[in-house]
>>> print(open('structure-v9.tsv').read())   # TSV, N, CA and C atoms
chain	number	residue	atom	x	y	z
A	1	MET	N	112.29	96.02	107.60
A	1	MET	CA	111.17	96.84	107.17
A	1	MET	C	109.95	95.97	106.92
A	2	THR	N	108.80	96.57	107.13
A	2	THR	CA	107.55	95.87	106.83
A	2	THR	C	107.33	95.92	105.31
A	3	PRO	N	106.46	95.05	104.78
A	3	PRO	CA	106.17	95.11	103.34
A	3	PRO	C	105.69	96.50	102.90
A	4	GLU	N	104.87	97.14	103.71
A	4	GLU	CA	104.38	98.48	103.39
A	4	GLU	C	105.54	99.47	103.29
A	5	GLN	N	106.47	99.39	104.22
A	5	GLN	CA	107.63	100.29	104.21
A	5	GLN	C	108.53	100.02	103.01
A	6	LYS	N	108.66	98.76	102.61
A	6	LYS	CA	109.47	98.44	101.43
A	6	LYS	C	108.87	99.09	100.18
A	7	LEU	N	107.54	99.03	100.05
A	7	LEU	CA	106.89	99.67	98.90
A	7	LEU	C	107.10	101.18	98.93
A	8	LYS	N	106.98	101.76	100.10
A	8	LYS	CA	107.20	103.21	100.23
A	8	LYS	C	108.63	103.57	99.82
A	9	HIS	N	109.59	102.74	100.21
A	9	HIS	CA	110.98	102.99	99.84
A	9	HIS	C	111.16	102.89	98.32
A	10	LEU	N	110.55	101.88	97.70
A	10	LEU	CA	110.64	101.75	96.24
A	10	LEU	C	110.02	102.97	95.54
A	11	ILE	N	108.91	103.46	96.08
A	11	ILE	CA	108.26	104.65	95.51
A	11	ILE	C	109.17	105.86	95.63
A	12	LEU	N	109.82	106.03	96.77
A	12	LEU	CA	110.75	107.16	96.95
A	12	LEU	C	111.95	107.04	96.01
A	13	ILE	N	112.45	105.83	95.82
A	13	ILE	CA	113.57	105.62	94.89
A	13	ILE	C	113.15	106.01	93.48
A	14	ARG	N	111.96	105.57	93.06
A	14	ARG	CA	111.46	105.91	91.72
A	14	ARG	C	111.24	107.41	91.59
A	15	HIS	N	110.70	108.02	92.63
A	15	HIS	CA	110.46	109.47	92.63
A	15	HIS	C	111.78	110.23	92.49
A	16	ALA	N	112.81	109.78	93.18
A	16	ALA	CA	114.12	110.44	93.09
A	16	ALA	C	114.67	110.34	91.67
A	17	GLY	N	114.35	109.25	90.98
A	17	GLY	CA	114.79	109.08	89.59
A	17	GLY	C	114.15	110.05	88.62
A	18	PHE	N	113.00	110.58	88.97
A	18	PHE	CA	112.32	111.56	88.12
A	18	PHE	C	113.00	112.92	88.14
A	19	GLY	N	113.65	113.26	89.25
A	19	GLY	CA	114.31	114.55	89.38
A	19	GLY	C	113.38	115.71	89.65
A	20	TYR	N	112.18	115.43	90.17
A	20	TYR	CA	111.22	116.49	90.49
A	20	TYR	C	111.68	117.33	91.67
A	21	ASN	N	111.53	118.62	91.58
A	21	ASN	CA	111.76	119.54	92.69
A	21	ASN	C	113.07	119.31	93.42
A	22	ASP	N	114.08	118.91	92.70
A	22	ASP	CA	115.40	118.66	93.29
A	22	ASP	C	115.34	117.71	94.48
A	23	PHE	N	114.45	116.74	94.45
A	23	PHE	CA	114.31	115.78	95.54
A	23	PHE	C	115.52	114.85	95.55
A	24	GLU	N	116.14	114.72	96.70
A	24	GLU	CA	117.24	113.78	96.86
A	24	GLU	C	116.87	112.79	97.94
A	25	LEU	N	117.08	111.54	97.66
A	25	LEU	CA	116.78	110.48	98.60
A	25	LEU	C	117.82	110.48	99.72
A	26	PRO	N	117.39	110.56	100.98
A	26	PRO	CA	118.36	110.51	102.08
A	26	PRO	C	119.16	109.21	102.06
A	27	GLU	N	120.41	109.28	102.47
A	27	GLU	CA	121.27	108.09	102.45
A	27	GLU	C	120.83	107.05	103.46
A	28	GLU	N	120.45	107.50	104.63
A	28	GLU	CA	120.05	106.56	105.70
A	28	GLU	C	118.53	106.44	105.75
A	29	ILE	N	118.03	105.37	105.16
A	29	ILE	CA	116.60	105.09	105.24
A	29	ILE	C	116.45	103.72	105.90
A	30	ASP	N	115.64	103.68	106.94
A	30	ASP	CA	115.39	102.42	107.63
A	30	ASP	C	113.96	102.40	108.14
A	31	ALA	N	113.62	101.34	108.85
A	31	ALA	CA	112.25	101.19	109.35
A	31	ALA	C	111.85	102.32	110.29
A	32	GLY	N	112.83	102.97	110.92
A	32	GLY	CA	112.53	104.04	111.87
A	32	GLY	C	112.16	105.37	111.24
A	33	ASN	N	112.62	105.61	110.00
A	33	ASN	CA	112.36	106.93	109.41
A	33	ASN	C	111.65	106.91	108.06
A	34	ILE	N	111.41	105.75	107.49
A	34	ILE	CA	110.83	105.68	106.14
A	34	ILE	C	109.43	106.30	106.09
A	35	ASP	N	108.61	106.03	107.09
A	35	ASP	CA	107.25	106.57	107.08
A	35	ASP	C	107.25	108.10	107.12
A	36	GLU	N	108.10	108.67	107.95
A	36	GLU	CA	108.19	110.12	108.06
A	36	GLU	C	108.68	110.74	106.75
A	37	ILE	N	109.71	110.17	106.15
A	37	ILE	CA	110.25	110.69	104.88
A	37	ILE	C	109.18	110.60	103.79
A	38	TYR	N	108.48	109.48	103.74
A	38	TYR	CA	107.44	109.26	102.74
A	38	TYR	C	106.32	110.30	102.90
A	39	ASN	N	105.84	110.46	104.13
A	39	ASN	CA	104.74	111.40	104.37
A	39	ASN	C	105.15	112.85	104.10
A	40	GLU	N	106.37	113.22	104.46
A	40	GLU	CA	106.86	114.58	104.19
A	40	GLU	C	106.98	114.84	102.69
A	41	THR	N	107.41	113.83	101.96
A	41	THR	CA	107.59	113.99	100.52
A	41	THR	C	106.25	114.06	99.81
A	42	ASP	N	105.29	113.26	100.25
A	42	ASP	CA	103.99	113.23	99.59
A	42	ASP	C	103.19	114.48	99.92
A	43	GLY	N	103.10	114.83	101.17
A	43	GLY	CA	102.40	116.05	101.56
A	43	GLY	C	101.00	116.14	101.00
A	44	ASP	N	100.53	117.34	100.84
A	44	ASP	CA	99.18	117.58	100.30
A	44	ASP	C	99.18	117.72	98.79
A	45	ASP	N	100.35	117.77	98.18
A	45	ASP	CA	100.45	118.00	96.74
A	45	ASP	C	100.47	116.71	95.93
A	46	TYR	N	100.43	115.58	96.56
A	46	TYR	CA	100.47	114.28	95.87
A	46	TYR	C	101.68	114.18	94.94
A	47	GLU	N	102.83	114.62	95.43
A	47	GLU	CA	104.03	114.61	94.61
A	47	GLU	C	104.46	113.20	94.21
A	48	LEU	N	104.12	112.23	94.99
A	48	LEU	CA	104.57	110.86	94.72
A	48	LEU	C	103.62	110.09	93.80
A	49	GLN	N	102.57	110.74	93.31
A	49	GLN	CA	101.55	110.03	92.54
A	49	GLN	C	102.12	109.30	91.32
A	50	ASP	N	102.99	109.92	90.55
A	50	ASP	CA	103.55	109.27	89.36
A	50	ASP	C	104.38	108.05	89.75
A	51	ALA	N	105.23	108.22	90.75
A	51	ALA	CA	106.09	107.11	91.19
A	51	ALA	C	105.23	105.99	91.79
A	52	ARG	N	104.21	106.35	92.54
A	52	ARG	CA	103.31	105.36	93.14
A	52	ARG	C	102.61	104.54	92.05
A	53	ASN	N	102.14	105.22	91.00
A	53	ASN	CA	101.47	104.52	89.91
A	53	ASN	C	102.43	103.62	89.13
A	54	GLU	N	103.67	104.04	88.97
A	54	GLU	CA	104.63	103.20	88.27
A	54	GLU	C	104.94	101.93	89.05
A	55	ILE	N	105.14	102.05	90.34
A	55	ILE	CA	105.40	100.86	91.16
A	55	ILE	C	104.16	99.97	91.17
A	56	ARG	N	102.99	100.55	91.31
A	56	ARG	CA	101.74	99.78	91.32
A	56	ARG	C	101.55	98.99	90.04
A	57	SER	N	101.95	99.57	88.92
A	57	SER	CA	101.75	98.93	87.62
A	57	SER	C	102.90	98.03	87.19
A	58	SER	N	103.96	97.96	87.97
A	58	SER	CA	105.14	97.21	87.54
A	58	SER	C	105.25	95.82	88.13
A	59	GLY	N	104.23	95.39	88.85
A	59	GLY	CA	104.29	94.09	89.51
A	59	GLY	C	104.26	92.92	88.55
A	60	THR	N	104.83	91.82	88.99
A	60	THR	CA	104.83	90.56	88.25
A	60	THR	C	103.71	89.69	88.80
A	61	GLU	N	102.87	89.13	87.94
A	61	GLU	CA	101.79	88.26	88.40
A	61	GLU	C	102.35	87.08	89.17
A	62	THR	N	101.72	86.80	90.32
A	62	THR	CA	102.20	85.69	91.15
A	62	THR	C	101.30	84.47	91.07
A	63	GLY	N	100.05	84.64	90.69
A	63	GLY	CA	99.12	83.52	90.67
A	63	GLY	C	98.57	83.18	92.05
A	64	LEU	N	98.94	83.95	93.06
A	64	LEU	CA	98.43	83.73	94.41
A	64	LEU	C	97.00	84.28	94.52
A	65	GLU	N	96.28	83.80	95.52
A	65	GLU	CA	94.94	84.33	95.76
A	65	GLU	C	95.04	85.77	96.24
A	66	CYS	N	94.03	86.56	95.89
A	66	CYS	CA	94.05	87.96	96.33
A	66	CYS	C	92.63	88.42	96.61
A	67	GLU	N	92.53	89.64	97.10
A	67	GLU	CA	91.24	90.24	97.38
A	67	GLU	C	90.47	90.41	96.07
A	68	TYR	N	89.17	90.56	96.20
A	68	TYR	CA	88.35	90.80	95.02
A	68	TYR	C	87.25	91.79	95.36
A	69	SER	N	86.67	92.35	94.33
A	69	SER	CA	85.60	93.32	94.49
A	69	SER	C	84.65	93.15	93.33
A	70	ARG	N	83.42	93.48	93.54
A	70	ARG	CA	82.47	93.41	92.42
A	70	ARG	C	82.62	94.60	91.49
A	71	HIS	N	83.39	95.61	91.92
A	71	HIS	CA	83.54	96.82	91.13
A	71	HIS	C	84.79	96.82	90.25
A	72	TYR	N	85.82	96.07	90.64
A	72	TYR	CA	87.09	96.07	89.91
A	72	TYR	C	87.61	94.65	89.72
A	73	GLU	N	88.46	94.50	88.73
A	73	GLU	CA	89.20	93.25	88.55
A	73	GLU	C	90.43	93.34	89.45
A	74	SER	N	90.99	92.19	89.80
A	74	SER	CA	92.18	92.21	90.64
A	74	SER	C	93.08	91.02	90.33
A	75	GLU	N	94.35	91.18	90.61
A	75	GLU	CA	95.30	90.08	90.50
A	75	GLU	C	96.42	90.31	91.51
A	76	ALA	N	96.96	89.20	91.98
A	76	ALA	CA	98.06	89.27	92.93
A	76	ALA	C	99.36	89.47	92.15
A	77	VAL	N	100.12	90.48	92.53
A	77	VAL	CA	101.38	90.79	91.89
A	77	VAL	C	102.45	91.01	92.95
A	78	ALA	N	103.71	91.01	92.53
A	78	ALA	CA	104.82	91.25	93.46
A	78	ALA	C	105.90	92.05	92.76
A	79	VAL	N	106.64	92.83	93.53
A	79	VAL	CA	107.79	93.59	93.04
A	79	VAL	C	109.01	93.20	93.88
A	80	LYS	N	110.15	93.27	93.25
A	80	LYS	CA	111.40	92.91	93.92
A	80	LYS	C	111.95	94.14	94.63
A	81	TYR	N	112.27	93.96	95.91
A	81	TYR	CA	112.83	95.03	96.72
A	81	TYR	C	114.34	95.07	96.53
A	82	VAL	N	114.98	96.13	96.97
A	82	VAL	CA	116.41	96.34	96.75
A	82	VAL	C	117.29	95.28	97.41
A	83	ASP	N	116.79	94.64	98.47
A	83	ASP	CA	117.59	93.60	99.14
A	83	ASP	C	117.37	92.22	98.54
A	84	GLY	N	116.58	92.13	97.47
A	84	GLY	CA	116.32	90.87	96.80
A	84	GLY	C	115.04	90.18	97.25
A	85	SER	N	114.41	90.68	98.30
A	85	SER	CA	113.15	90.10	98.74
A	85	SER	C	112.02	90.59	97.84
A	86	TRP	N	110.87	89.95	97.95
A	86	TRP	CA	109.71	90.30	97.14
A	86	TRP	C	108.56	90.75	98.02
A	87	VAL	N	107.82	91.74	97.53
A	87	VAL	CA	106.66	92.26	98.24
A	87	VAL	C	105.45	92.09	97.33
A	88	GLY	N	104.41	91.46	97.86
A	88	GLY	CA	103.19	91.24	97.09
A	88	GLY	C	102.10	92.21	97.48
A	89	PHE	N	101.19	92.44	96.54
A	89	PHE	CA	100.03	93.29	96.79
A	89	PHE	C	98.98	93.00	95.73
A	90	THR	N	97.79	93.50	95.94
A	90	THR	CA	96.70	93.32	94.99
A	90	THR	C	96.70	94.48	94.01
A	91	TYR	N	96.77	94.15	92.73
A	91	TYR	CA	96.70	95.16	91.66
A	91	TYR	C	95.25	95.25	91.21
A	92	TRP	N	94.66	96.40	91.40
A	92	TRP	CA	93.27	96.64	91.01
A	92	TRP	C	93.23	97.32	89.65
A	93	TYR	N	92.31	96.90	88.78
A	93	TYR	CA	92.17	97.52	87.46
A	93	TYR	C	90.73	97.38	86.98
A	94	GLY	N	90.43	98.03	85.88
A	94	GLY	CA	89.08	97.96	85.31
A	94	GLY	C	88.14	98.95	85.97
A	95	GLY	N	86.89	98.59	86.02
A	95	GLY	CA	85.89	99.43	86.66
A	95	GLY	C	85.08	100.28	85.72
A	96	GLY	N	85.36	100.20	84.45
A	96	GLY	CA	84.56	100.94	83.48
A	96	GLY	C	84.93	102.41	83.39
A	97	LYS	N	84.08	103.13	82.70
A	97	LYS	CA	84.32	104.52	82.36
A	97	LYS	C	84.56	105.40	83.59
A	98	HIS	N	83.84	105.19	84.63
A	98	HIS	CA	83.95	106.04	85.81
A	98	HIS	C	84.74	105.38	86.94
A	99	GLY	N	85.39	104.27	86.64
A	99	GLY	CA	86.17	103.57	87.65
A	99	GLY	C	87.46	104.30	87.98
A	100	GLU	N	87.93	104.10	89.18
A	100	GLU	CA	89.19	104.71	89.61
A	100	GLU	C	89.94	103.69	90.49
A	101	PRO	N	90.42	102.59	89.86
A	101	PRO	CA	91.06	101.53	90.64
A	101	PRO	C	92.36	101.97	91.32
A	102	GLU	N	93.03	102.98	90.80
A	102	GLU	CA	94.27	103.45	91.44
A	102	GLU	C	94.02	104.13	92.78
A	103	ALA	N	92.76	104.46	93.06
A	103	ALA	CA	92.42	105.09	94.34
A	103	ALA	C	92.25	104.06	95.46
A	104	VAL	N	92.14	102.77	95.10
A	104	VAL	CA	92.00	101.73	96.11
A	104	VAL	C	93.34	101.58	96.82
A	105	ASP	N	93.31	101.57	98.16
A	105	ASP	CA	94.55	101.47	98.94
A	105	ASP	C	95.16	100.09	98.75
A	106	TRP	N	96.34	100.04	98.21
A	106	TRP	CA	97.02	98.77	97.97
A	106	TRP	C	98.29	98.65	98.81
A	107	ILE	N	98.89	99.76	99.16
A	107	ILE	CA	100.14	99.73	99.93
A	107	ILE	C	99.90	99.18	101.33
A	108	GLU	N	98.82	99.59	101.94
A	108	GLU	CA	98.51	99.20	103.31
A	108	GLU	C	98.38	97.68	103.47
A	109	TYR	N	97.98	96.99	102.40
A	109	TYR	CA	97.72	95.56	102.48
A	109	TYR	C	98.83	94.72	101.85
A	110	ALA	N	100.01	95.29	101.70
A	110	ALA	CA	101.15	94.56	101.12
A	110	ALA	C	101.58	93.43	102.05
A	111	TYR	N	102.21	92.43	101.46
A	111	TYR	CA	102.66	91.27	102.22
A	111	TYR	C	103.96	90.74	101.62
A	112	ASP	N	104.76	90.06	102.46
A	112	ASP	CA	106.00	89.46	101.97
A	112	ASP	C	105.68	88.23	101.15
A	113	VAL	N	106.46	88.01	100.10
A	113	VAL	CA	106.28	86.87	99.22
A	113	VAL	C	107.62	86.18	99.04
A	114	ALA	N	107.61	84.86	99.08
A	114	ALA	CA	108.81	84.09	98.77
A	114	ALA	C	108.81	83.79	97.27
A	115	CYS	N	109.94	83.96	96.64
A	115	CYS	CA	110.04	83.73	95.20
A	115	CYS	C	111.30	82.93	94.90
A	116	GLN	N	111.12	81.87	94.16
A	116	GLN	CA	112.26	81.08	93.70
A	116	GLN	C	112.37	81.28	92.20
A	117	GLU	N	113.49	81.83	91.77
A	117	GLU	CA	113.69	82.09	90.35
A	117	GLU	C	114.58	81.01	89.75
A	118	GLU	N	114.21	80.56	88.56
A	118	GLU	CA	115.04	79.63	87.83
A	118	GLU	C	114.88	79.88	86.33
A	119	GLN	N	115.95	79.68	85.61
A	119	GLN	CA	115.90	79.85	84.17
A	119	GLN	C	115.61	78.51	83.53
A	120	LYS	N	114.76	78.53	82.49
A	120	LYS	CA	114.41	77.31	81.78
A	120	LYS	C	114.57	77.54	80.28
A	121	LEU	N	115.06	76.54	79.62
A	121	LEU	CA	115.18	76.58	78.17
A	121	LEU	C	113.86	76.10	77.59
A	122	VAL	N	113.28	76.88	76.72
A	122	VAL	CA	111.98	76.55	76.14
A	122	VAL	C	112.11	76.50	74.62
A	123	THR	N	111.57	75.44	74.02
A	123	THR	CA	111.52	75.33	72.57
A	123	THR	C	110.08	75.55	72.13
A	124	VAL	N	109.88	76.51	71.25
A	124	VAL	CA	108.56	76.81	70.72
A	124	VAL	C	108.55	76.42	69.25
A	125	GLN	N	107.57	75.61	68.88
A	125	GLN	CA	107.46	75.17	67.48
A	125	GLN	C	106.25	75.85	66.85
A	126	THR	N	106.45	76.42	65.67
A	126	THR	CA	105.37	77.04	64.91
A	126	THR	C	105.34	76.39	63.55
A	127	PHE	N	104.19	75.85	63.17
A	127	PHE	CA	104.07	75.16	61.90
A	127	PHE	C	103.18	75.94	60.95
A	128	THR	N	103.52	75.90	59.69
A	128	THR	CA	102.66	76.42	58.62
A	128	THR	C	102.63	75.37	57.51
A	129	LYS	N	101.60	75.39	56.73
A	129	LYS	CA	101.47	74.41	55.65
A	129	LYS	C	102.37	74.79	54.49
A	130	ALA	N	103.17	73.86	54.06
A	130	ALA	CA	104.08	74.12	52.94
A	130	ALA	C	103.33	74.02	51.63
A	131	ASN	N	103.63	74.92	50.70
A	131	ASN	CA	102.96	74.89	49.39
A	131	ASN	C	103.63	73.96	48.43
>>> encode(input="structure-v9.tsv", output="structure tokens")
Amino acid sequence: MTPEQKLKHLILIRHAGFGYNDFELPEEIDAGNIDEIYNETDGDDYELQDARNEIRSSGTETGLECEYSRHYESEAVAVKYVDGSWVGFTYWYGGGKHGEPEAVDWIEYAYDVACQEEQKLVTVQTFTKAN
């Protein structure tokens, strides 16, 4: 699957978890049918809006370079796909009172990201003055 299709699949999985309109995720989802399933589910009613916003807001900051705009703030984030791979995209936010950063297309510009995870032991010291 392409990075865009992986995000669409994650959105459908999240949408199925909501239990809206008795939606059931088809068992066989692959690169050949994901776009059709996604488009049929979204339709004109924007049924996937809640799931789309949750996935958009759940990314982990990557520190990679990303697109920018003079109207919104942005940061590069990534989400983990079901097969263990990572998909990156630009998370848009801000824009002031009349801003609408969630309307900026982010799925279309998704990209694959390599991620190496490791656990580290960290010691944090906090000092206060003793009386």
>>> atom_distance(input="structure-v9.tsv", atom1="CA of Pro26 (chain A)", atom2="CA of Ser58 (chain A)")
23.7 Å
>>> closest_atom_pairs(input="structure-v9.tsv", of="region 1-56 of chain A", to="region 75-78 of chain A", cutoff="12 Å", atoms="only C-alpha atoms", output="JSON lines")
{"residue": "A:Pro3", "atom": "CA", "partner": "A:Ala78", "partner_atom": "CA", "distance": 10.7}
{"residue": "A:Lys6", "atom": "CA", "partner": "A:Ala78", "partner_atom": "CA", "distance": 11.7}
{"residue": "A:Leu7", "atom": "CA", "partner": "A:Ala78", "partner_atom": "CA", "distance": 10.2}
{"residue": "A:Ile55", "atom": "CA", "partner": "A:Ala78", "partner_atom": "CA", "distance": 9.9}
{"residue": "A:Arg56", "atom": "CA", "partner": "A:Val77", "partner_atom": "CA", "distance": 9.0}
>>> select_by_dssp(input="structure-v9.tsv", residues="region 25-103 of chain A", states="strand (DSSP E or B)", output="NGL selection string")
:A and (60-61 or 73-80 or 86-93)
>>> select_by_dssp(input="structure-v9.tsv", residues="chain A", states="helix (DSSP H, G or I)", output="MDAnalysis selection string")
chainID A and resid 3:18 20:22 34:42 49:57 101:103
>>> atom_distance(input="structure-v9.tsv", atom1="CA of Leu12 (chain A)", atom2="CA of Ser74 (chain A)")
24.7 Å
>>> residues_around(input="structure-v9.tsv", residues="region 34-36 of chain A", least_positions_apart="3", cutoff="9 Å", atoms="only C-alpha atoms", output="list of chain:residue names")
A:Met1, A:Gln5, A:Lys6, A:Lys8, A:His9, A:Ile29, A:Asp30, A:Ala31, A:Asn39, A:Glu40, A:Thr41
>>> closest_residue(input="structure-v9.tsv", among="A:Tyr38, A:Phe89, A:Tyr68, A:Phe127", to="Asp112 (chain A)", atoms="all atoms listed in the file")
A:Phe89
>>> atom_distance(input="structure-v9.tsv", atom1="CA of Tyr93 (chain A)", atom2="CA of Arg14 (chain A)")
21.5 Å
>>> closest_residue(input="structure-v9.tsv", among="A:Ala51, A:Tyr72, A:Ser57, A:Gly32", to="Ala16 (chain A)", atoms="only C-alpha atoms")
A:Ala51
>>> residues_around(input="structure-v9.tsv", residues="Glu4 (chain A)", least_positions_apart="6", cutoff="7 Å", atoms="only C-alpha atoms", output="list in words")
Ile107, Glu108 and Ala110 of chain A
>>> closest_residue(input="structure-v9.tsv", among="A:Leu25, A:Asn131, A:Val79, A:Glu73", to="Trp92 (chain A)", atoms="only N, CA and C atoms")
A:Glu73
